[in-house]
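As provided, input-v1.txt (compact mmCIF, C-alpha atoms) reads as follows.
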```
# COMPACT_ATOMS: atom_id res chain seq x y z
CA MET A 29 -53.69 -25.23 47.86
CA LYS A 30 -54.32 -22.69 45.15
CA ILE A 31 -52.16 -20.18 47.01
CA ILE A 32 -49.27 -22.70 47.20
CA LYS A 33 -49.51 -23.36 43.45
CA ASN A 34 -49.40 -19.64 42.72
CA ILE A 35 -46.34 -19.23 44.94
CA LEU A 36 -44.52 -22.12 43.22
CA ALA A 37 -45.39 -20.73 39.78
CA ALA A 38 -44.02 -17.34 40.74
CA ILE A 39 -40.80 -18.90 42.04
CA GLY A 40 -40.42 -20.88 38.80
CA LEU A 41 -40.92 -17.76 36.68
CA VAL A 42 -38.26 -15.89 38.66
CA CYS A 43 -35.79 -18.78 38.22
CA VAL A 44 -36.37 -19.01 34.44
CA SER A 45 -36.02 -15.24 34.06
CA GLY A 46 -32.79 -15.30 36.02
CA LEU A 47 -31.34 -18.02 33.81
CA PHE A 48 -32.32 -16.08 30.67
CA VAL A 49 -30.67 -12.89 31.93
CA PHE A 50 -27.52 -14.82 32.87
CA ALA A 51 -27.38 -16.42 29.42
CA VAL A 52 -27.71 -13.08 27.67
CA GLN A 53 -25.05 -11.52 29.87
CA SER A 54 -22.71 -14.48 29.28
CA ASP A 55 -23.16 -14.14 25.54
CA LYS A 56 -22.13 -10.50 25.78
CA VAL A 57 -18.88 -11.19 27.62
CA GLY A 58 -16.00 -9.65 25.67
CA GLN A 59 -18.36 -7.75 23.32
CA SER A 60 -18.20 -4.38 25.05
CA ASP A 61 -17.73 -1.41 22.74
CA THR A 62 -14.68 -0.46 24.79
CA ALA A 63 -11.86 -2.67 25.99
CA ASP A 64 -9.95 -2.08 29.21
CA SER A 65 -6.76 -3.52 27.76
CA ASP A 66 -5.22 -5.00 24.63
CA ASN A 67 -5.93 -8.45 26.04
CA ASP A 68 -9.61 -7.61 26.32
CA LEU A 69 -9.58 -6.53 22.67
CA VAL A 70 -7.97 -9.78 21.56
CA GLU A 71 -10.54 -11.79 23.48
CA THR A 72 -13.57 -10.10 21.95
CA THR A 73 -16.01 -12.47 20.31
CA ARG A 74 -15.83 -12.39 16.53
CA MET A 75 -18.74 -10.96 14.62
CA ILE A 76 -21.09 -13.42 12.93
CA ASN A 77 -19.74 -12.53 9.45
CA ASP A 78 -16.15 -13.02 10.68
CA TYR A 79 -15.05 -9.63 9.34
CA ASN A 80 -12.48 -7.81 11.42
CA VAL A 81 -10.34 -4.73 10.87
CA TYR A 82 -6.86 -4.66 12.36
CA ALA A 83 -4.15 -2.05 12.70
CA LEU A 84 -1.18 -2.85 10.48
CA SER A 85 2.49 -2.92 11.38
CA VAL A 86 4.55 -0.76 9.05
CA PRO A 87 7.67 -2.74 8.08
CA ASP A 88 10.83 -0.98 9.21
CA ASN A 89 12.86 -1.64 6.05
CA LEU A 90 10.70 -0.29 3.23
CA ASN A 91 12.43 1.11 0.16
CA PHE A 92 11.81 2.20 -3.39
CA ALA A 93 14.30 1.09 -6.05
CA GLY A 94 16.81 0.41 -3.29
CA GLU A 95 16.43 3.90 -1.78
CA ALA A 96 15.40 3.57 1.87
CA MET A 97 12.25 5.22 3.17
CA PRO A 98 13.11 7.30 6.31
CA LEU A 99 10.42 5.80 8.53
CA GLN A 100 12.06 7.23 11.67
CA ASP A 101 10.49 10.53 10.60
CA PRO A 102 6.98 10.54 12.19
CA ASP A 103 5.49 12.34 9.20
CA VAL A 104 6.86 9.74 6.79
CA PHE A 105 5.72 6.91 9.08
CA GLU A 106 2.15 8.23 9.31
CA ARG A 107 1.88 8.77 5.55
CA MET A 108 3.12 5.25 4.88
CA ASP A 109 0.74 3.82 7.46
CA ARG A 110 -2.15 5.59 5.73
CA GLU A 111 -1.38 4.09 2.32
CA LEU A 112 -0.93 0.58 3.71
CA LEU A 113 -4.31 0.83 5.45
CA VAL A 114 -6.15 2.33 2.49
CA ASN A 115 -4.82 -0.18 -0.01
CA THR A 116 -5.08 -3.23 2.26
CA TYR A 117 -8.71 -2.59 3.13
CA TRP A 118 -9.75 -1.64 -0.40
CA GLN A 119 -9.98 -5.39 -0.91
CA SER A 120 -11.80 -5.58 -4.24
CA ASN A 121 -9.33 -3.23 -5.91
CA GLY A 122 -6.38 -5.03 -4.33
CA LEU A 123 -7.50 -8.42 -5.57
CA LEU A 124 -7.94 -7.02 -9.07
CA MET A 125 -4.36 -5.74 -8.95
CA PHE A 126 -3.11 -9.26 -8.17
CA LYS A 127 -5.14 -10.65 -11.06
CA ARG A 128 -3.99 -8.05 -13.59
CA ALA A 129 -0.36 -8.09 -12.44
CA GLU A 130 -0.12 -11.77 -13.38
CA LYS A 131 -1.18 -10.83 -16.90
CA TYR A 132 0.80 -7.64 -17.49
CA PHE A 133 3.93 -7.76 -15.32
CA PRO A 134 5.57 -10.41 -17.56
CA ILE A 135 5.30 -7.92 -20.44
CA ILE A 136 6.51 -4.87 -18.47
CA GLU A 137 9.35 -6.43 -16.44
CA PRO A 138 11.75 -7.37 -19.28
CA ILE A 139 11.36 -3.93 -20.89
CA LEU A 140 12.25 -2.21 -17.61
CA LYS A 141 15.25 -4.49 -17.19
CA LYS A 142 16.47 -3.94 -20.76
CA ASN A 143 16.42 -0.18 -20.21
CA GLY A 144 18.14 -0.25 -16.82
CA ILE A 145 15.02 0.81 -14.91
CA PRO A 146 14.55 -0.75 -11.43
CA ASP A 147 11.85 -3.40 -11.29
CA ASP A 148 9.96 -1.39 -8.64
CA PHE A 149 8.72 0.94 -11.37
CA LYS A 150 6.18 -1.65 -12.47
CA TYR A 151 4.23 -0.61 -9.37
CA LEU A 152 4.18 2.94 -10.70
CA ALA A 153 2.09 1.61 -13.60
CA VAL A 154 -0.24 0.00 -11.06
CA ILE A 155 -1.04 3.28 -9.31
CA GLU A 156 -1.14 5.26 -12.54
CA SER A 157 -3.85 3.20 -14.22
CA GLY A 158 -4.70 0.10 -12.21
CA LEU A 159 -3.11 -1.75 -15.16
CA THR A 160 -5.94 -0.69 -17.46
CA ASN A 161 -6.10 1.54 -20.52
CA ALA A 162 -7.31 4.41 -18.38
CA VAL A 163 -8.21 7.89 -19.65
CA SER A 164 -7.43 10.90 -17.45
CA PRO A 165 -9.27 14.25 -17.46
CA ALA A 166 -5.97 15.88 -18.52
CA GLY A 167 -5.72 13.71 -21.63
CA ALA A 168 -3.25 11.04 -20.50
CA ARG A 169 -3.92 7.58 -21.90
CA GLY A 170 -3.01 3.95 -21.45
CA VAL A 171 -1.41 1.85 -18.73
CA TRP A 172 1.43 4.38 -18.32
CA GLN A 173 -0.84 7.44 -18.60
CA ILE A 174 1.21 9.21 -21.25
CA MET A 175 0.25 12.70 -22.40
CA PRO A 176 -0.09 13.33 -26.16
CA SER A 177 2.94 15.64 -26.33
CA THR A 178 5.15 13.20 -24.38
CA GLY A 179 4.10 10.37 -26.66
CA ARG A 180 4.82 12.28 -29.85
CA GLU A 181 8.14 13.60 -28.52
CA ASN A 182 9.22 10.00 -27.96
CA GLY A 183 8.17 8.61 -31.32
CA LEU A 184 4.63 7.40 -30.70
CA GLU A 185 1.89 7.98 -33.25
CA VAL A 186 -1.00 9.76 -31.55
CA ASN A 187 -4.12 10.64 -33.54
CA SER A 188 -7.75 9.62 -33.91
CA ASN A 189 -6.89 6.65 -36.13
CA VAL A 190 -3.87 5.23 -34.28
CA ASP A 191 -2.84 5.97 -30.69
CA GLU A 192 0.25 4.04 -29.68
CA ARG A 193 -0.03 5.17 -26.07
CA TYR A 194 -2.40 2.20 -25.82
CA HIS A 195 0.33 -0.15 -27.08
CA LEU A 196 1.73 -1.59 -23.85
CA GLU A 197 5.21 -2.49 -25.09
CA MET A 198 5.73 0.81 -26.93
CA ALA A 199 4.32 2.85 -24.06
CA THR A 200 6.59 1.08 -21.57
CA GLU A 201 9.59 2.01 -23.72
CA VAL A 202 8.51 5.66 -23.64
CA ALA A 203 8.04 5.54 -19.86
CA CYS A 204 11.56 4.17 -19.53
CA LYS A 205 13.00 7.04 -21.59
CA TYR A 206 11.20 9.58 -19.43
CA LEU A 207 12.34 7.96 -16.19
CA LEU A 208 15.97 7.72 -17.28
CA LYS A 209 15.97 11.41 -18.18
CA SER A 210 14.36 12.29 -14.84
CA LYS A 211 16.91 10.25 -12.91
CA GLU A 212 19.73 12.02 -14.74
CA ASN A 213 18.21 15.45 -14.02
CA LEU A 214 17.11 14.93 -10.42
CA GLY A 215 19.65 12.45 -9.07
CA SER A 216 17.49 9.73 -7.51
CA TRP A 217 14.94 7.14 -8.55
CA THR A 218 12.56 8.42 -5.87
CA LEU A 219 12.55 11.91 -7.37
CA ALA A 220 12.32 10.43 -10.87
CA ALA A 221 9.13 8.63 -9.82
CA ALA A 222 7.71 11.85 -8.35
CA ALA A 223 8.56 13.64 -11.60
CA TYR A 224 6.49 11.10 -13.51
CA ASN A 225 3.51 12.57 -11.67
CA ALA A 226 4.44 16.24 -11.29
CA GLY A 227 6.89 16.74 -14.18
CA ASN A 228 10.63 17.33 -14.09
CA THR A 229 10.24 21.10 -13.99
CA GLY A 230 7.65 20.95 -11.24
CA VAL A 231 9.80 18.79 -8.97
CA SER A 232 12.95 20.80 -9.73
CA ASN A 233 11.18 24.04 -8.84
CA ARG A 234 9.89 22.67 -5.52
CA LEU A 235 13.35 21.39 -4.57
CA ARG A 236 14.88 24.78 -5.28
CA GLU A 237 12.14 26.78 -3.56
CA GLN A 238 12.27 24.68 -0.39
CA ASP A 239 16.07 24.25 -0.43
CA VAL A 240 16.00 20.45 -0.01
CA ASN A 241 17.22 17.58 -2.17
CA ALA A 242 14.99 14.60 -1.30
CA TYR A 243 11.38 13.70 -2.01
CA TYR A 244 10.59 12.93 1.62
CA ASP A 245 11.68 16.45 2.66
CA LEU A 246 9.38 18.19 0.20
CA LEU A 247 6.01 19.74 0.97
CA LEU A 248 3.95 18.79 -2.08
CA GLY A 249 0.34 18.80 -3.22
CA GLU A 250 -1.96 15.94 -2.23
CA GLU A 251 -1.45 13.76 -5.30
CA THR A 252 2.32 13.99 -5.63
CA GLY A 253 2.72 13.97 -1.85
CA ARG A 254 1.04 10.55 -1.68
CA TYR A 255 2.59 9.23 -4.89
CA LEU A 256 5.69 7.40 -3.62
CA PHE A 257 3.86 6.11 -0.56
CA ARG A 258 1.15 4.58 -2.74
CA ILE A 259 3.76 2.93 -4.95
CA VAL A 260 5.59 1.43 -1.97
CA ALA A 261 2.31 0.32 -0.38
CA LEU A 262 1.29 -1.54 -3.53
CA LYS A 263 4.77 -3.04 -3.81
CA GLU A 264 4.57 -4.31 -0.21
CA ILE A 265 1.04 -5.70 -0.56
CA LEU A 266 1.52 -7.32 -3.97
CA THR A 267 4.78 -8.89 -2.78
CA HIS A 268 3.25 -10.30 0.44
CA PRO A 269 -0.40 -11.14 -0.26
CA LYS A 270 -0.96 -13.53 2.67
CA LYS A 271 0.50 -11.03 5.13
CA TYR A 272 -2.20 -8.54 4.15
CA GLY A 273 -5.08 -11.00 4.03
CA PHE A 274 -5.39 -11.68 0.31
CA ASN A 275 -6.24 -15.28 -0.46
CA PHE A 276 -6.22 -16.76 -3.95
CA THR A 277 -4.70 -19.50 -6.06
CA SER A 278 -2.93 -19.28 -9.42
CA LYS A 279 -6.11 -20.27 -11.26
CA ASP A 280 -7.83 -17.14 -9.91
CA LEU A 281 -5.37 -14.85 -11.72
CA TYR A 282 -5.64 -13.50 -15.26
CA LYS A 283 -3.34 -15.03 -17.83
CA THR A 284 -1.54 -13.54 -20.83
CA ILE A 285 -3.10 -14.87 -24.02
CA PRO A 286 -0.44 -16.11 -26.47
CA THR A 287 -0.45 -14.26 -29.79
CA TYR A 288 1.39 -14.14 -33.08
CA LYS A 289 2.27 -11.06 -35.12
CA VAL A 290 0.87 -9.98 -38.48
CA GLU A 291 2.62 -7.15 -40.32
CA VAL A 292 0.52 -4.63 -42.22
CA ASP A 293 2.01 -1.91 -44.47
CA THR A 294 -1.13 -0.86 -46.37
CA ALA A 295 -4.46 0.65 -45.48
CA VAL A 296 -7.12 -1.60 -43.97
CA THR A 297 -10.63 -0.52 -44.94
CA ASP A 298 -12.57 -2.90 -42.69
CA PHE A 299 -11.14 -4.42 -39.52
CA THR A 300 -14.23 -6.60 -39.04
CA LYS A 301 -13.45 -8.48 -42.24
CA PHE A 302 -9.72 -8.37 -41.44
CA ALA A 303 -10.36 -10.06 -38.07
CA GLN A 304 -12.59 -12.71 -39.62
CA ARG A 305 -9.75 -13.77 -41.92
CA TYR A 306 -7.81 -14.79 -38.81
CA GLY A 307 -10.68 -16.63 -37.13
CA ILE A 308 -11.58 -13.90 -34.62
CA ASN A 309 -14.06 -11.02 -34.42
CA TYR A 310 -13.59 -7.26 -34.21
CA LYS A 311 -13.97 -7.19 -30.41
CA ILE A 312 -11.12 -9.66 -29.89
CA LEU A 313 -8.95 -7.82 -32.42
CA LYS A 314 -9.42 -4.60 -30.41
CA ILE A 315 -8.75 -6.35 -27.07
CA HIS A 316 -5.28 -7.31 -28.30
CA ASN A 317 -4.67 -4.12 -30.29
CA PRO A 318 -6.29 -1.25 -28.35
CA TRP A 319 -4.03 1.23 -30.14
CA LEU A 320 -6.22 0.78 -33.26
CA ARG A 321 -8.73 3.52 -32.50
CA GLU A 322 -11.05 3.19 -35.51
CA PRO A 323 -12.55 0.26 -37.45
CA LYS A 324 -10.14 1.03 -40.28
CA LEU A 325 -6.46 1.88 -40.76
CA ASN A 326 -5.69 4.89 -42.95
CA ASN A 327 -1.91 4.34 -43.34
CA SER A 328 -1.40 6.77 -46.21
CA SER A 329 2.35 6.76 -45.47
CA ARG A 330 2.61 2.95 -45.90
CA LYS A 331 4.04 2.60 -42.41
CA LYS A 332 4.63 -0.93 -41.14
CA TYR A 333 2.34 -1.85 -38.24
CA VAL A 334 2.42 -5.06 -36.24
CA ILE A 335 -0.97 -6.45 -35.25
CA GLU A 336 -1.32 -9.09 -32.53
CA ILE A 337 -3.57 -12.07 -33.32
CA PRO A 338 -4.43 -14.54 -30.52
CA GLU A 339 -3.48 -18.13 -31.16
CA LYS A 340 -6.33 -20.47 -31.97
CA GLY A 341 -8.16 -22.18 -29.14
CA ASN A 342 -8.12 -19.29 -26.67
CA TYR A 343 -11.53 -17.85 -27.60
CA SER A 344 -14.83 -19.45 -28.54
CA ILE A 345 -15.87 -17.69 -31.73
CA LYS A 346 -19.38 -18.25 -33.04
CA PRO A 347 -19.72 -18.09 -36.84
```

Go through the file and emit its structure as structure tokens.
Amino acid sequence: MKIIKNILAAIGLVCVSGLFVFAVQSDKVGQSDTADSDNDLVETTRMINDYNVYALSVPDNLNFAGEAMPLQDPDVFERMDRELLVNTYWQSNGLLMFKRAEKYFPIIEPILKKNGIPDDFKYLAVIESGLTNAVSPAGARGVWQIMPSTGRENGLEVNSNVDERYHLEMATEVACKYLLKSKENLGSWTLAAAAYNAGNTGVSNRLREQDVNAYYDLLLGEETGRYLFRIVALKEILTHPKKYGFNFTSKDLYKTIPTYKVEVDTAVTDFTKFAQRYGINYKILKIHNPWLREPKLNNSSRKKYVIEIPEKGNYSIKP
């Protein structure tokens, strides 16, 4: 009797073990590290965190400022594919670009239009600075990354007390002047954009040395070589957020704070007290006027400055 019980127990253990092995194998169906076909890849079980990485289809009609990108060239295609992948899967940075674009594009777009600059150039500002008042190792400043000499040559005040490269409207006007001059010199908006990165002389020299007349035919350094592709990638992604997996609603985006203008044509000895007179603090004054670089305004020449003050009700100011 004892022998029969032992035999039955052994049989039961074998059956349970077999079921367990079958269950584990069933759970692994479709999860092989390699797939025999595209269909196998599609059928793979999703990871628990539901995060998947997909190859992207490069649209066949990409352009910059109406100038077509020659995607039939395999080199051009691969470089465009790279920038779409890099910028699509850098999700945190991409989502920040959507948020900031809602705040700053309404300021940039009408200035571009007024100066006859194609709307696509707003994406140049995106890759230059991420729509922040960035500071480069070379000394460029602001959303448009303007060098001190370029700013001064185009009428901006640039010193330790006032730096109008941080003034978005004024800096956009300077960028427009530079781009118009580049377009006139180089003959295309694509080359004008490249010149914003490498300089008019630099691009002209490369065109002459390599005996070509188009950006996509040039062999350039890493930064300028990627420049147009990054702009077009950001244009494509920011124009089609759902297509590239970005999900948000309008309330998730940053908004432009309404302001009114206060003219100042004298020195200001204390911007903390100045701000308090308008119901704000120094921090908020600097947020809306980043071109004021010190807590005072020298203004020995009695120049007229326009200071932006946010309308009441947008900030909670503690006394």

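Between Ile155 in chain A and the residues A:Met125, A:Leu99, A:Leu281, A:Ala203, the shortest atom-to-atom distance, using only C-alpha atoms, involves A:Met125.
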
Which residue of A:Arg305, A:Lys314, A:Lys283, A:Lys324 approaches Lys127 in chain A most closely, using only C-alpha atoms:
A:Lys283

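Considering the residues A:Phe299, A:Phe133, A:Tyr224, A:Phe274 and counting all atoms listed in the file, Trp118 in chain A has its shortest atom-to-atom contact with A:Phe274.
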
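For the set A:Gly183, A:Pro102, A:Pro176, A:Leu207, the residue with the smallest atom-to-atom gap to Phe149 in chain A is A:Leu207, counting all atoms listed in the file.
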
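Among the candidates A:Asp103, A:Asp88, A:Glu212, A:Glu137, the residue lying nearest to Leu247 in chain A is A:Asp103 (atoms considered: only C-alpha atoms).
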
Atomic separation - CA of Lys150 in chain A relative to CA of Glu130 in chain A, Å
12.0 Å

Might you pull out every residue within 10 Å of Val290 in chain A, with only C-alpha atoms counted and same-chain residues fewer than 6 positions away left off, and present them as a PDB file with C-alpha atoms, in the coordinates of the input?
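Ended up saving to selection_0.pdb:
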```
ATOM      1  CA  TYR A 306      -7.810 -14.790 -38.810  1.00  0.00           C
ATOM      2  CA  TYR A 333       2.340  -1.850 -38.240  1.00  0.00           C
ATOM      3  CA  VAL A 334       2.420  -5.060 -36.240  1.00  0.00           C
ATOM      4  CA  ILE A 335      -0.970  -6.450 -35.250  1.00  0.00           C
ATOM      5  CA  GLU A 336      -1.320  -9.090 -32.530  1.00  0.00           C
ATOM      6  CA  ILE A 337      -3.570 -12.070 -33.320  1.00  0.00           C
TER       7      ILE A 337
END
```

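The space between CA of Tyr255 in chain A and CA of His195 in chain A spans 24.2 Å.
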
Keeping all heavy atoms, write range 96-107 of chain A of the structure just shown out as a PDB file, in the first residue's frame.
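What follows is the written file part-v1.pdb:
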```pdb
ATOM      1  N   ALA A  96      13.104  71.905 -51.071  1.00  0.00           N
ATOM      2  CA  ALA A  96      12.974  70.465 -50.839  1.00  0.00           C
ATOM      3  C   ALA A  96      14.280  69.841 -50.371  1.00  0.00           C
ATOM      4  O   ALA A  96      15.369  70.210 -50.812  1.00  0.00           O
ATOM      5  CB  ALA A  96      12.498  69.775 -52.109  1.00  0.00           C
ATOM      6  N   MET A  97      14.145  68.868 -49.479  1.00  0.00           N
ATOM      7  CA  MET A  97      15.294  68.091 -49.024  1.00  0.00           C
ATOM      8  C   MET A  97      15.465  66.891 -49.964  1.00  0.00           C
ATOM      9  O   MET A  97      14.520  66.122 -50.138  1.00  0.00           O
ATOM     10  CB  MET A  97      15.063  67.630 -47.587  1.00  0.00           C
ATOM     11  CG  MET A  97      16.189  66.816 -46.996  1.00  0.00           C
ATOM     12  SD  MET A  97      15.901  66.413 -45.242  1.00  0.00           S
ATOM     13  CE  MET A  97      16.322  67.969 -44.481  1.00  0.00           C
ATOM     14  N   PRO A  98      16.637  66.702 -50.571  1.00  0.00           N
ATOM     15  CA  PRO A  98      16.835  65.619 -51.554  1.00  0.00           C
ATOM     16  C   PRO A  98      16.990  64.248 -50.881  1.00  0.00           C
ATOM     17  O   PRO A  98      18.088  63.671 -50.821  1.00  0.00           O
ATOM     18  CB  PRO A  98      18.119  66.045 -52.278  1.00  0.00           C
ATOM     19  CG  PRO A  98      18.879  66.814 -51.250  1.00  0.00           C
ATOM     20  CD  PRO A  98      17.848  67.538 -50.430  1.00  0.00           C
ATOM     21  N   LEU A  99      15.900  63.706 -50.411  1.00  0.00           N
ATOM     22  CA  LEU A  99      15.932  62.463 -49.641  1.00  0.00           C
ATOM     23  C   LEU A  99      16.245  61.238 -50.501  1.00  0.00           C
ATOM     24  O   LEU A  99      16.482  60.149 -49.968  1.00  0.00           O
ATOM     25  CB  LEU A  99      14.607  62.268 -48.909  1.00  0.00           C
ATOM     26  CG  LEU A  99      14.365  63.271 -47.774  1.00  0.00           C
ATOM     27  CD1 LEU A  99      12.903  63.251 -47.346  1.00  0.00           C
ATOM     28  CD2 LEU A  99      15.265  62.963 -46.592  1.00  0.00           C
ATOM     29  N   GLN A 100      16.241  61.386 -51.826  1.00  0.00           N
ATOM     30  CA  GLN A 100      16.639  60.276 -52.693  1.00  0.00           C
ATOM     31  C   GLN A 100      18.134  59.995 -52.574  1.00  0.00           C
ATOM     32  O   GLN A 100      18.601  58.911 -52.928  1.00  0.00           O
ATOM     33  CB  GLN A 100      16.262  60.570 -54.153  1.00  0.00           C
ATOM     34  CG  GLN A 100      17.060  61.683 -54.814  1.00  0.00           C
ATOM     35  CD  GLN A 100      16.536  63.084 -54.492  1.00  0.00           C
ATOM     36  OE1 GLN A 100      15.614  63.247 -53.684  1.00  0.00           O
ATOM     37  NE2 GLN A 100      17.101  64.087 -55.148  1.00  0.00           N
ATOM     38  N   ASP A 101      18.883  60.949 -52.056  1.00  0.00           N
ATOM     39  CA  ASP A 101      20.311  60.764 -51.784  1.00  0.00           C
ATOM     40  C   ASP A 101      20.432  59.956 -50.491  1.00  0.00           C
ATOM     41  O   ASP A 101      19.959  60.390 -49.431  1.00  0.00           O
ATOM     42  CB  ASP A 101      20.967  62.138 -51.630  1.00  0.00           C
ATOM     43  CG  ASP A 101      22.467  62.064 -51.418  1.00  0.00           C
ATOM     44  OD1 ASP A 101      22.928  61.131 -50.743  1.00  0.00           O
ATOM     45  OD2 ASP A 101      23.171  62.965 -51.906  1.00  0.00           O
ATOM     46  N   PRO A 102      21.067  58.775 -50.520  1.00  0.00           N
ATOM     47  CA  PRO A 102      21.124  57.929 -49.316  1.00  0.00           C
ATOM     48  C   PRO A 102      21.815  58.591 -48.133  1.00  0.00           C
ATOM     49  O   PRO A 102      21.446  58.366 -46.985  1.00  0.00           O
ATOM     50  CB  PRO A 102      21.885  56.682 -49.787  1.00  0.00           C
ATOM     51  CG  PRO A 102      22.573  57.084 -51.048  1.00  0.00           C
ATOM     52  CD  PRO A 102      21.715  58.139 -51.678  1.00  0.00           C
ATOM     53  N   ASP A 103      22.800  59.439 -48.415  1.00  0.00           N
ATOM     54  CA  ASP A 103      23.469  60.152 -47.327  1.00  0.00           C
ATOM     55  C   ASP A 103      22.503  61.115 -46.644  1.00  0.00           C
ATOM     56  O   ASP A 103      22.425  61.184 -45.409  1.00  0.00           O
ATOM     57  CB  ASP A 103      24.677  60.910 -47.867  1.00  0.00           C
ATOM     58  CG  ASP A 103      25.246  61.882 -46.847  1.00  0.00           C
ATOM     59  OD1 ASP A 103      25.736  61.423 -45.797  1.00  0.00           O
ATOM     60  OD2 ASP A 103      25.179  63.103 -47.080  1.00  0.00           O
ATOM     61  N   VAL A 104      21.751  61.857 -47.442  1.00  0.00           N
ATOM     62  CA  VAL A 104      20.782  62.806 -46.901  1.00  0.00           C
ATOM     63  C   VAL A 104      19.698  62.065 -46.126  1.00  0.00           C
ATOM     64  O   VAL A 104      19.296  62.471 -45.024  1.00  0.00           O
ATOM     65  CB  VAL A 104      20.165  63.654 -48.034  1.00  0.00           C
ATOM     66  CG1 VAL A 104      19.021  64.523 -47.518  1.00  0.00           C
ATOM     67  CG2 VAL A 104      21.238  64.522 -48.677  1.00  0.00           C
ATOM     68  N   PHE A 105      19.238  60.957 -46.683  1.00  0.00           N
ATOM     69  CA  PHE A 105      18.197  60.156 -46.014  1.00  0.00           C
ATOM     70  C   PHE A 105      18.672  59.673 -44.646  1.00  0.00           C
ATOM     71  O   PHE A 105      17.947  59.780 -43.645  1.00  0.00           O
ATOM     72  CB  PHE A 105      17.820  58.957 -46.883  1.00  0.00           C
ATOM     73  CG  PHE A 105      16.781  58.067 -46.258  1.00  0.00           C
ATOM     74  CD1 PHE A 105      15.426  58.318 -46.453  1.00  0.00           C
ATOM     75  CD2 PHE A 105      17.157  56.991 -45.460  1.00  0.00           C
ATOM     76  CE1 PHE A 105      14.468  57.505 -45.854  1.00  0.00           C
ATOM     77  CE2 PHE A 105      16.210  56.171 -44.864  1.00  0.00           C
ATOM     78  CZ  PHE A 105      14.860  56.435 -45.062  1.00  0.00           C
ATOM     79  N   GLU A 106      19.883  59.136 -44.571  1.00  0.00           N
ATOM     80  CA  GLU A 106      20.384  58.589 -43.311  1.00  0.00           C
ATOM     81  C   GLU A 106      20.584  59.692 -42.273  1.00  0.00           C
ATOM     82  O   GLU A 106      20.303  59.500 -41.080  1.00  0.00           O
ATOM     83  CB  GLU A 106      21.695  57.840 -43.548  1.00  0.00           C
ATOM     84  CG  GLU A 106      21.515  56.535 -44.310  1.00  0.00           C
ATOM     85  CD  GLU A 106      22.820  55.796 -44.534  1.00  0.00           C
ATOM     86  OE1 GLU A 106      23.810  56.112 -43.819  1.00  0.00           O
ATOM     87  OE2 GLU A 106      22.864  54.917 -45.422  1.00  0.00           O
ATOM     88  N   ARG A 107      21.051  60.852 -42.702  1.00  0.00           N
ATOM     89  CA  ARG A 107      21.258  61.953 -41.766  1.00  0.00           C
ATOM     90  C   ARG A 107      19.930  62.483 -41.238  1.00  0.00           C
ATOM     91  O   ARG A 107      19.811  62.841 -40.058  1.00  0.00           O
ATOM     92  CB  ARG A 107      22.064  63.066 -42.435  1.00  0.00           C
ATOM     93  CG  ARG A 107      23.519  62.661 -42.683  1.00  0.00           C
ATOM     94  CD  ARG A 107      24.157  63.479 -43.773  1.00  0.00           C
ATOM     95  NE  ARG A 107      24.424  64.836 -43.365  1.00  0.00           N
ATOM     96  CZ  ARG A 107      24.824  65.796 -44.213  1.00  0.00           C
ATOM     97  NH1 ARG A 107      24.991  65.514 -45.498  1.00  0.00           N
ATOM     98  NH2 ARG A 107      25.057  67.007 -43.767  1.00  0.00           N
TER      99      ARG A 107
END
```
